[in-house]
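Structure file run37.cif with mmCIF, C-alpha atoms:
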data_protein
loop_
_atom_site.label_atom_id
_atom_site.label_comp_id
_atom_site.auth_asym_id
_atom_site.auth_seq_id
_atom_site.Cartn_x
_atom_site.Cartn_y
_atom_site.Cartn_z
CA MET T 118 -25.90 -44.14 9.77
CA ILE T 119 -24.95 -42.87 6.31
CA GLY T 120 -27.80 -41.12 4.58
CA PRO T 121 -28.68 -41.84 0.93
CA HIS T 122 -27.37 -38.46 -0.16
CA LEU T 123 -23.91 -39.34 1.23
CA VAL T 124 -24.02 -42.68 -0.55
CA GLN T 125 -24.76 -40.86 -3.80
CA LEU T 126 -21.91 -38.45 -3.05
CA ALA T 127 -19.49 -41.33 -2.47
CA GLN T 128 -20.52 -42.87 -5.79
CA ALA T 129 -20.28 -39.61 -7.74
CA ASP T 130 -17.92 -39.39 -10.69
CA PHE T 131 -15.21 -37.36 -8.98
CA PRO T 132 -11.64 -37.22 -10.33
CA VAL T 133 -9.28 -39.90 -9.06
CA PHE T 134 -7.01 -38.84 -6.20
CA ALA T 135 -3.97 -40.73 -7.46
CA PRO T 136 -1.12 -41.97 -5.23
CA GLY T 137 1.91 -39.72 -5.47
CA SER T 138 -0.14 -36.59 -6.14
CA VAL T 139 -0.97 -33.48 -4.11
CA TRP T 140 -4.33 -31.76 -3.99
CA LEU T 141 -4.30 -28.15 -2.79
CA VAL T 142 -7.76 -27.75 -1.33
CA GLY T 143 -9.61 -24.76 0.08
CA ALA T 144 -11.55 -25.56 3.24
CA GLY T 145 -13.65 -22.38 3.17
CA PRO T 146 -14.00 -19.84 5.96
CA GLY T 147 -14.74 -22.25 8.80
CA GLY T 148 -18.07 -24.05 8.84
CA PRO T 149 -17.90 -27.60 7.44
CA GLY T 150 -21.12 -26.97 5.52
CA LEU T 151 -19.16 -24.54 3.32
CA LEU T 152 -16.82 -27.23 2.00
CA THR T 153 -17.18 -27.97 -1.69
CA LEU T 154 -18.22 -31.49 -2.66
CA LEU T 155 -14.81 -32.05 -4.26
CA ALA T 156 -13.08 -31.00 -1.02
CA PHE T 157 -15.27 -33.43 0.92
CA HIS T 158 -14.36 -36.17 -1.58
CA ALA T 159 -10.66 -35.40 -1.11
CA LEU T 160 -10.95 -35.73 2.67
CA GLY T 161 -12.26 -39.26 2.22
CA GLN T 162 -9.53 -40.29 -0.24
CA ALA T 163 -6.35 -38.80 1.20
CA ASP T 164 -3.59 -40.76 2.92
CA VAL T 165 -2.23 -37.69 4.70
CA ILE T 166 -3.60 -34.21 5.37
CA VAL T 167 -1.18 -31.30 5.74
CA HIS T 168 -3.39 -28.58 7.13
CA ASP T 169 -3.27 -24.93 8.12
CA ALA T 170 -4.08 -23.60 11.58
CA LEU T 171 -7.31 -22.07 10.27
CA VAL T 172 -8.84 -25.41 9.30
CA SER T 173 -11.44 -26.24 11.95
CA PRO T 174 -11.40 -29.51 13.95
CA GLU T 175 -14.90 -30.20 12.66
CA ILE T 176 -13.60 -30.26 9.09
CA LEU T 177 -10.61 -32.44 9.95
CA ALA T 178 -13.01 -34.85 11.70
CA LEU T 179 -14.69 -35.52 8.34
CA ALA T 180 -11.64 -37.51 7.22
CA PRO T 181 -11.40 -41.18 8.26
CA ALA T 182 -9.67 -41.75 11.59
CA HIS T 183 -6.71 -43.58 10.02
CA VAL T 184 -5.72 -40.62 7.84
CA GLU T 185 -2.51 -39.00 9.06
CA ARG T 186 -2.91 -35.34 10.00
CA ILE T 187 0.08 -32.99 9.97
CA HIS T 188 -0.28 -29.48 11.36
CA ALA T 189 1.50 -26.91 9.21
CA GLY T 190 -0.20 -23.77 10.46
CA LYS T 191 1.40 -20.36 10.09
CA ARG T 192 0.09 -17.77 12.54
CA GLY T 193 1.56 -14.30 12.97
CA GLY T 194 3.71 -13.83 16.07
CA ARG T 195 3.80 -17.56 16.90
CA PRO T 196 6.37 -20.27 16.13
CA SER T 197 5.42 -21.57 12.69
CA PRO T 198 6.84 -23.89 10.05
CA LYS T 199 8.78 -22.16 7.30
CA GLN T 200 7.02 -22.11 3.94
CA ALA T 201 9.98 -23.81 2.25
CA ASP T 202 9.84 -26.67 4.76
CA ILE T 203 6.10 -27.15 4.18
CA THR T 204 6.63 -27.38 0.43
CA ILE T 205 9.52 -29.83 0.82
CA GLN T 206 7.32 -32.00 3.04
CA LEU T 207 4.55 -32.06 0.43
CA ILE T 208 7.04 -33.19 -2.22
CA GLU T 209 8.58 -35.87 0.02
CA LEU T 210 5.19 -37.29 1.01
CA ALA T 211 4.09 -37.44 -2.63
CA ARG T 212 7.32 -39.21 -3.60
CA GLN T 213 6.49 -41.82 -0.98
CA GLY T 214 3.44 -42.63 -3.08
CA LYS T 215 0.92 -41.02 -0.75
CA ARG T 216 -2.21 -39.12 -1.68
CA VAL T 217 -1.37 -35.77 -0.09
CA LEU T 218 -4.14 -33.34 0.79
CA ARG T 219 -2.83 -29.83 1.42
CA LEU T 220 -5.80 -28.29 3.22
CA LYS T 221 -5.97 -24.52 3.53
CA GLY T 222 -8.47 -22.17 5.09
CA GLY T 223 -10.49 -20.17 2.57
CA ASP T 224 -9.22 -20.51 -0.99
CA PRO T 225 -5.68 -21.70 -1.83
CA PHE T 226 -5.11 -18.90 -4.34
CA MET T 227 -6.53 -16.03 -2.24
CA PHE T 228 -3.54 -14.96 -0.13
CA GLY T 229 -3.06 -18.64 0.70
CA ARG T 230 0.35 -19.19 -0.94
CA GLY T 231 -1.22 -21.95 -2.99
CA GLY T 232 0.36 -20.54 -6.13
CA GLU T 233 3.82 -20.81 -4.59
CA GLU T 234 3.28 -24.38 -3.47
CA ALA T 235 1.78 -25.43 -6.80
CA GLY T 236 4.72 -23.86 -8.61
CA GLU T 237 7.23 -25.89 -6.59
CA LEU T 238 5.23 -29.08 -7.13
CA ALA T 239 5.24 -28.44 -10.86
CA ARG T 240 9.00 -27.83 -10.88
CA SER T 241 9.50 -31.08 -8.94
CA GLY T 242 7.39 -33.13 -11.35
CA ILE T 243 4.65 -33.81 -8.79
CA ALA T 244 1.11 -34.12 -10.16
CA PHE T 245 -1.30 -31.74 -8.44
CA ARG T 246 -4.86 -30.47 -8.54
CA ILE T 247 -6.27 -27.17 -7.26
CA VAL T 248 -9.63 -27.40 -5.49
CA PRO T 249 -10.94 -23.86 -4.96
CA GLY T 250 -12.63 -22.98 -1.69
CA ILE T 251 -14.99 -20.27 -0.53
CA SER T 252 -12.82 -17.33 0.49
CA SER T 253 -13.48 -15.70 3.86
CA GLY T 254 -13.36 -12.42 1.95
CA LEU T 255 -16.57 -13.46 0.20
CA GLY T 256 -18.38 -16.23 2.06
CA GLY T 257 -17.18 -15.17 5.49
CA LEU T 258 -18.48 -11.66 4.95
CA ALA T 259 -21.82 -13.03 3.76
CA TYR T 260 -22.19 -14.61 7.21
CA ALA T 261 -21.83 -11.12 8.67
CA GLY T 262 -24.47 -9.60 6.37
CA LEU T 263 -21.84 -7.79 4.30
CA PRO T 264 -22.27 -7.98 0.52
CA VAL T 265 -18.89 -7.17 -1.00
CA THR T 266 -20.73 -5.50 -3.88
CA HIS T 267 -24.13 -3.81 -3.90
CA ARG T 268 -25.64 -1.63 -6.60
CA ASP T 269 -26.47 1.05 -4.03
CA THR T 270 -22.94 1.38 -2.73
CA ASN T 271 -20.20 0.03 -4.99
CA HIS T 272 -19.44 -1.50 -8.36
CA ALA T 273 -15.87 -2.42 -7.50
CA VAL T 274 -14.05 -4.08 -4.62
CA LEU T 275 -10.34 -4.41 -3.86
CA PHE T 276 -8.73 -7.26 -1.92
CA LEU T 277 -5.59 -6.46 0.07
CA THR T 278 -3.27 -8.42 2.34
CA GLY T 279 -2.23 -6.68 5.55
CA HIS T 280 1.29 -8.08 5.63
CA ASP T 281 3.93 -9.43 3.27
CA GLU T 282 6.35 -12.36 3.57
CA THR T 283 8.35 -10.46 6.22
CA GLY T 284 5.27 -9.99 8.42
CA THR T 285 5.18 -6.22 7.92
CA VAL T 286 2.79 -3.99 5.98
CA PRO T 287 3.48 -4.56 2.25
CA SER T 288 6.06 -2.00 1.19
CA ALA T 289 5.23 -2.20 -2.52
CA VAL T 290 1.62 -1.06 -2.06
CA ASP T 291 0.77 2.28 -3.69
CA TRP T 292 -1.52 3.56 -0.93
CA PRO T 293 -2.85 6.64 -2.79
CA ALA T 294 -3.76 4.37 -5.71
CA ILE T 295 -5.32 1.80 -3.37
CA ALA T 296 -7.38 4.48 -1.65
CA ARG T 297 -8.80 5.65 -4.99
CA ALA T 298 -9.20 2.25 -6.61
CA ALA T 299 -12.46 1.03 -5.07
CA PRO T 300 -15.15 2.18 -2.65
CA VAL T 301 -14.82 -1.08 -0.73
CA ILE T 302 -11.52 -2.58 0.42
CA VAL T 303 -11.42 -6.08 1.94
CA MET T 304 -8.28 -6.68 3.98
CA PHE T 305 -6.92 -10.09 4.94
CA MET T 306 -4.48 -10.51 7.85
CA ALA T 307 -4.70 -6.81 8.62
CA VAL T 308 -5.57 -6.69 12.33
CA LYS T 309 -1.96 -6.64 13.58
CA HIS T 310 -1.07 -3.62 11.44
CA LEU T 311 -4.49 -1.95 11.42
CA PRO T 312 -3.28 1.32 13.01
CA LEU T 313 -0.62 1.80 10.33
CA ILE T 314 -2.93 0.73 7.49
CA ALA T 315 -5.64 3.10 8.71
CA ARG T 316 -3.16 5.98 8.89
CA ARG T 317 -1.94 5.33 5.35
CA LEU T 318 -5.49 5.19 4.01
CA LEU T 319 -6.39 8.40 5.83
CA ASP T 320 -3.27 10.11 4.49
CA ALA T 321 -4.25 8.89 1.03
CA GLY T 322 -7.62 10.63 1.27
CA ARG T 323 -10.16 8.17 2.70
CA GLU T 324 -12.72 9.81 4.99
CA PRO T 325 -12.18 9.53 8.78
CA ASP T 326 -15.82 8.58 9.43
CA GLU T 327 -15.87 5.87 6.78
CA ALA T 328 -17.24 2.57 8.08
CA VAL T 329 -14.85 -0.21 9.10
CA THR T 330 -16.24 -3.64 9.90
CA ILE T 331 -14.11 -6.38 11.44
CA VAL T 332 -15.39 -9.95 11.12
CA ALA T 333 -13.56 -12.48 13.28
CA HIS T 334 -14.02 -16.27 13.20
CA ALA T 335 -16.28 -15.89 10.19
CA ALA T 336 -18.92 -18.59 9.63
CA ARG T 337 -18.13 -20.20 12.99
CA PRO T 338 -20.31 -20.28 16.11
CA SER T 339 -17.78 -17.89 17.67
CA GLN T 340 -18.20 -15.32 14.89
CA THR T 341 -17.74 -11.77 16.16
CA VAL T 342 -18.49 -8.55 14.25
CA ILE T 343 -17.06 -5.20 15.36
CA GLU T 344 -18.22 -1.97 13.73
CA THR T 345 -16.20 1.23 13.91
CA THR T 346 -14.81 3.98 11.67
CA LEU T 347 -11.48 4.42 9.94
CA VAL T 348 -10.28 7.06 12.39
CA GLU T 349 -11.39 5.07 15.43
CA ALA T 350 -10.15 1.65 14.25
CA PRO T 351 -6.51 2.14 15.43
CA ARG T 352 -7.76 2.58 19.01
CA LEU T 353 -9.21 -0.92 19.18
CA VAL T 354 -7.19 -3.38 21.23
CA ASP T 355 -7.17 -7.15 21.71
CA LEU T 356 -9.11 -7.80 18.54
CA PRO T 357 -9.94 -11.47 17.95
CA THR T 358 -8.27 -13.26 15.05
CA PRO T 359 -8.40 -14.59 12.40
CA ALA T 360 -10.36 -11.66 11.05
CA ILE T 361 -11.31 -9.88 7.86
CA VAL T 362 -11.38 -6.07 7.84
CA VAL T 363 -13.79 -4.33 5.49
CA LEU T 364 -13.63 -0.63 4.67
CA GLY T 365 -16.61 0.90 2.94
CA ALA T 366 -20.29 1.69 2.85
CA VAL T 367 -21.45 -1.92 2.42
CA ALA T 368 -21.55 -1.90 6.22
CA ARG T 369 -24.85 -0.01 6.03
CA HIS T 370 -26.58 -3.15 4.74
CA ARG T 371 -25.91 -5.12 7.93
CA HIS T 372 -28.98 -3.74 9.68
CA ASN T 373 -31.26 -5.91 7.56
CA LEU T 374 -28.87 -8.55 6.15
CA ASP T 375 -27.39 -9.79 9.43
CA TRP T 376 -29.03 -13.21 9.16
CA TYR T 377 -26.49 -15.29 11.10
CA VAL T 378 -28.06 -14.50 14.44
CA GLU T 379 -27.70 -16.30 17.76
CA GLU T 380 -30.69 -18.54 17.09
CA VAL T 381 -29.04 -19.81 13.89
CA ARG T 382 -25.70 -20.35 15.64
CA ARG T 383 -27.35 -22.57 18.24
CA HIS T 384 -28.89 -24.89 15.68
CA VAL T 385 -26.84 -24.73 12.47
CA PHE T 386 -23.07 -24.95 12.07
CA GLY T 387 -21.72 -24.27 8.60
#
Rewritten as structure tokens:
Amino acid sequence: MIGPHLVQLAQADFPVFAPGSVWLVGAGPGGPGLLTLLAFHALGQADVIVHDALVSPEILALAPAHVERIHAGKRGGRPSPKQADITIQLIELARQGKRVLRLKGGDPFMFGRGGEEAGELARSGIAFRIVPGISSGLGGLAYAGLPVTHRDTNHAVLFLTGHDETGTVPSAVDWPAIARAAPVIVMFMAVKHLPLIARRLLDAGREPDEAVTIVAHAARPSQTVIETTLVEAPRLVDLPTPAIVVLGAVARHRHNLDWYVEEVRRHVFG
């Protein structure tokens, strides 16, 4: 039975999802409750969903059963579609007159290659809309009791990707500058290369005993939080992914901000 609040949502004055257009939508860090209302609206209007591997089945299930779902997930170390092929597919589907929902984990413009895809759509004359999502580097960390900024610890935060388009640690990163830039560094897709990243940060002057917190499957019932130090982090093996790695003293706040406890997981998802 559809509740009155969902009826009101369906009748809300959302923008029209026009045939022949592509919406690049952020699905948030995992829990369906973290979808934006506009993302939920798009799920109900799309003809086809081209989704990443990080989009949960629970979120995909919110779309009507007749909506075509195309998996376009890219996961490190596994056979994955090439980015160029994904973009070509989006363009071809739009030219068929379909309402194309490109659904990405987190936010499309936060290390999600949404800017690249939007650029190609623009060059091809395809109408598009960007629907921001809650990044795992913000909302996902909140589920682990990690405020990315706190007046007692830091007034700046730096976001970093752990690999570039070749799958290796970004070669253009100025590690000494990165190490000095902010007390807290939030690293996406960094688990695979964590030993090398840790070594470069140590060589650049970060303290060996500085806190490192790894949040895997953020905002999901399977969420796992691992606490260690920068010098010890390279010794960890078989870390779960996807994960966010946080370097910095905001870890000290977890002892009283870790609200997403087992009791909550059993009763609330998202």
(message) Nearest residue to Ser173 of chain T out of T:Gly284, T:Pro264, T:Gly254, T:Pro338, using only C-alpha atoms?
(response) T:Pro338
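For the pair atom CA of Ala189 of chain T and atom CA of Ala159 of chain T, the separation is 18.1 Å.
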(request) For Pro225 of chain T, work out the shell of residues within 12 Å, counting all atoms listed in the file and skipping chain neighbours fewer than 4 positions away, then give it as a PyMOL selection string. (result) chain T and resi 140-146+156+168-169+219-221+229-235+246-253
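Evaluated on this file, the PyMOL selection byres ((chain T and resi 205) around 12) matches Val167, Ala189, Pro198, Lys199, Gln200, Ala201, Asp202, Ile203, Thr204, Gln206, Leu207, Ile208, Glu209, Leu210, Ala211, Arg212, Glu233, Glu234, Ala235, Glu237, Leu238, Arg240, Ser241 and Ile243 of chain T.
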(message) Going by the chain IDs and residue numbers used in this file, which residues fall under the PyMOL selection byres ((chain T and resi 290) around 12)? Write them as number ranges by chain.
(response) T: 277-281, 285-289, 291-296, 314, 317-318, 321
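Protein, DNA and RNA residues at most 12 Å from (-9.7, 12.4, 8.0), with only C-alpha atoms, are these: Ala315, Arg316, Arg317, Leu318, Leu319, Asp320, Ala321, Gly322, Arg323, Glu324, Pro325, Asp326, Glu327, Thr346, Leu347, Val348 and Glu349 of chain T.
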(message) Residues proximal to (-21.8, -18.1, 13.4) were defined as those with any atom within 7 Å of that point in the file's coordinates, counting only C-alpha atoms. Which are they, as a PyMOL selection string?
(response) chain T and resi 335-340+377+382
(request) Tell me which protein, DNA and RNA residues are within 12 Å of Leu179 of chain T, counting all atoms listed in the file, leaving out same-chain ones fewer than 2 positions away, and put them as a ChimeraX atom specification. (result) /T:144,148-150,152,156-163,166,172-177,181-184,186
How would the residues just picked look written out with C-alpha atoms as a PDB file, keeping the file's coordinate frame?
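So the final result, stored in out_8.pdb, reads:
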ATOM      1  CA  ALA T 144     -11.550 -25.560   3.240  1.00  0.00           C
ATOM      2  CA  GLY T 148     -18.070 -24.050   8.840  1.00  0.00           C
ATOM      3  CA  PRO T 149     -17.900 -27.600   7.440  1.00  0.00           C
ATOM      4  CA  GLY T 150     -21.120 -26.970   5.520  1.00  0.00           C
ATOM      5  CA  LEU T 152     -16.820 -27.230   2.000  1.00  0.00           C
ATOM      6  CA  ALA T 156     -13.080 -31.000  -1.020  1.00  0.00           C
ATOM      7  CA  PHE T 157     -15.270 -33.430   0.920  1.00  0.00           C
ATOM      8  CA  HIS T 158     -14.360 -36.170  -1.580  1.00  0.00           C
ATOM      9  CA  ALA T 159     -10.660 -35.400  -1.110  1.00  0.00           C
ATOM     10  CA  LEU T 160     -10.950 -35.730   2.670  1.00  0.00           C
ATOM     11  CA  GLY T 161     -12.260 -39.260   2.220  1.00  0.00           C
ATOM     12  CA  GLN T 162      -9.530 -40.290  -0.240  1.00  0.00           C
ATOM     13  CA  ALA T 163      -6.350 -38.800   1.200  1.00  0.00           C
ATOM     14  CA  ILE T 166      -3.600 -34.210   5.370  1.00  0.00           C
ATOM     15  CA  VAL T 172      -8.840 -25.410   9.300  1.00  0.00           C
ATOM     16  CA  SER T 173     -11.440 -26.240  11.950  1.00  0.00           C
ATOM     17  CA  PRO T 174     -11.400 -29.510  13.950  1.00  0.00           C
ATOM     18  CA  GLU T 175     -14.900 -30.200  12.660  1.00  0.00           C
ATOM     19  CA  ILE T 176     -13.600 -30.260   9.090  1.00  0.00           C
ATOM     20  CA  LEU T 177     -10.610 -32.440   9.950  1.00  0.00           C
ATOM     21  CA  PRO T 181     -11.400 -41.180   8.260  1.00  0.00           C
ATOM     22  CA  ALA T 182      -9.670 -41.750  11.590  1.00  0.00           C
ATOM     23  CA  HIS T 183      -6.710 -43.580  10.020  1.00  0.00           C
ATOM     24  CA  VAL T 184      -5.720 -40.620   7.840  1.00  0.00           C
ATOM     25  CA  ARG T 186      -2.910 -35.340  10.000  1.00  0.00           C
TER      26      ARG T 186
END
(message) Which residue is closest to Pro136 of chain T? Choose from T:Leu155, T:Pro300, T:His188, T:Leu218 and count all atoms listed in the file.
(response)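 For Pro136 of chain T, the nearest of the given residues is T:Leu218.
Here atom CA of Pro351 of chain T and atom CA of Met227 of chain T stand 25.3 Å from one another.
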Missing atoms of segment 202-221 of chain T rebuilt to N, CA, C and O atoms, written as a CSV table (one decimal), in the frame of the given file:
chain,number,residue,atom,x,y,z
T,202,ASP,N,9.9,-25.3,4.1
T,202,ASP,CA,9.8,-26.7,4.8
T,202,ASP,C,8.5,-27.4,4.5
T,202,ASP,O,8.5,-28.6,4.3
T,203,ILE,N,7.4,-26.6,4.5
T,203,ILE,CA,6.1,-27.2,4.2
T,203,ILE,C,6.1,-27.7,2.8
T,203,ILE,O,5.6,-28.8,2.5
T,204,THR,N,6.6,-27.0,1.8
T,204,THR,CA,6.6,-27.4,0.4
T,204,THR,C,7.5,-28.6,0.2
T,204,THR,O,7.1,-29.6,-0.5
T,205,ILE,N,8.6,-28.7,0.9
T,205,ILE,CA,9.5,-29.8,0.8
T,205,ILE,C,8.8,-31.1,1.4
T,205,ILE,O,8.9,-32.2,0.8
T,206,GLN,N,8.1,-30.9,2.4
T,206,GLN,CA,7.3,-32.0,3.0
T,206,GLN,C,6.3,-32.5,2.1
T,206,GLN,O,6.1,-33.7,1.9
T,207,LEU,N,5.6,-31.6,1.4
T,207,LEU,CA,4.6,-32.1,0.4
T,207,LEU,C,5.2,-32.9,-0.7
T,207,LEU,O,4.7,-34.0,-1.0
T,208,ILE,N,6.3,-32.5,-1.1
T,208,ILE,CA,7.0,-33.2,-2.2
T,208,ILE,C,7.5,-34.6,-1.7
T,208,ILE,O,7.3,-35.6,-2.4
T,209,GLU,N,8.1,-34.6,-0.5
T,209,GLU,CA,8.6,-35.9,0.0
T,209,GLU,C,7.4,-36.9,0.2
T,209,GLU,O,7.6,-38.1,-0.1
T,210,LEU,N,6.3,-36.4,0.8
T,210,LEU,CA,5.2,-37.3,1.0
T,210,LEU,C,4.6,-37.8,-0.3
T,210,LEU,O,4.3,-39.0,-0.4
T,211,ALA,N,4.6,-37.0,-1.3
T,211,ALA,CA,4.1,-37.4,-2.6
T,211,ALA,C,5.0,-38.5,-3.2
T,211,ALA,O,4.6,-39.5,-3.8
T,212,ARG,N,6.3,-38.3,-3.1
T,212,ARG,CA,7.3,-39.2,-3.6
T,212,ARG,C,7.3,-40.5,-2.9
T,212,ARG,O,7.8,-41.5,-3.4
T,213,GLN,N,6.7,-40.6,-1.7
T,213,GLN,CA,6.5,-41.8,-1.0
T,213,GLN,C,5.3,-42.6,-1.5
T,213,GLN,O,4.9,-43.6,-1.0
T,214,GLY,N,4.6,-42.0,-2.5
T,214,GLY,CA,3.4,-42.6,-3.1
T,214,GLY,C,2.1,-42.4,-2.4
T,214,GLY,O,1.1,-43.0,-2.6
T,215,LYS,N,2.1,-41.3,-1.5
T,215,LYS,CA,0.9,-41.0,-0.8
T,215,LYS,C,0.0,-40.0,-1.5
T,215,LYS,O,0.5,-39.2,-2.3
T,216,ARG,N,-1.3,-40.1,-1.2
T,216,ARG,CA,-2.2,-39.1,-1.7
T,216,ARG,C,-2.2,-38.0,-0.7
T,216,ARG,O,-2.7,-38.2,0.5
T,217,VAL,N,-1.6,-36.9,-1.0
T,217,VAL,CA,-1.4,-35.8,-0.1
T,217,VAL,C,-2.4,-34.7,-0.3
T,217,VAL,O,-2.5,-34.1,-1.4
T,218,LEU,N,-3.1,-34.4,0.8
T,218,LEU,CA,-4.1,-33.3,0.8
T,218,LEU,C,-3.6,-32.1,1.5
T,218,LEU,O,-3.4,-32.2,2.7
T,219,ARG,N,-3.3,-31.1,0.8
T,219,ARG,CA,-2.8,-29.8,1.4
T,219,ARG,C,-4.1,-29.0,1.6
T,219,ARG,O,-4.7,-28.4,0.7
T,220,LEU,N,-4.5,-28.9,2.9
T,220,LEU,CA,-5.8,-28.3,3.2
T,220,LEU,C,-5.6,-26.9,3.8
T,220,LEU,O,-4.9,-26.7,4.8
T,221,LYS,N,-6.2,-25.9,3.1
T,221,LYS,CA,-6.0,-24.5,3.5
T,221,LYS,C,-7.3,-23.9,3.9
T,221,LYS,O,-8.3,-24.2,3.2
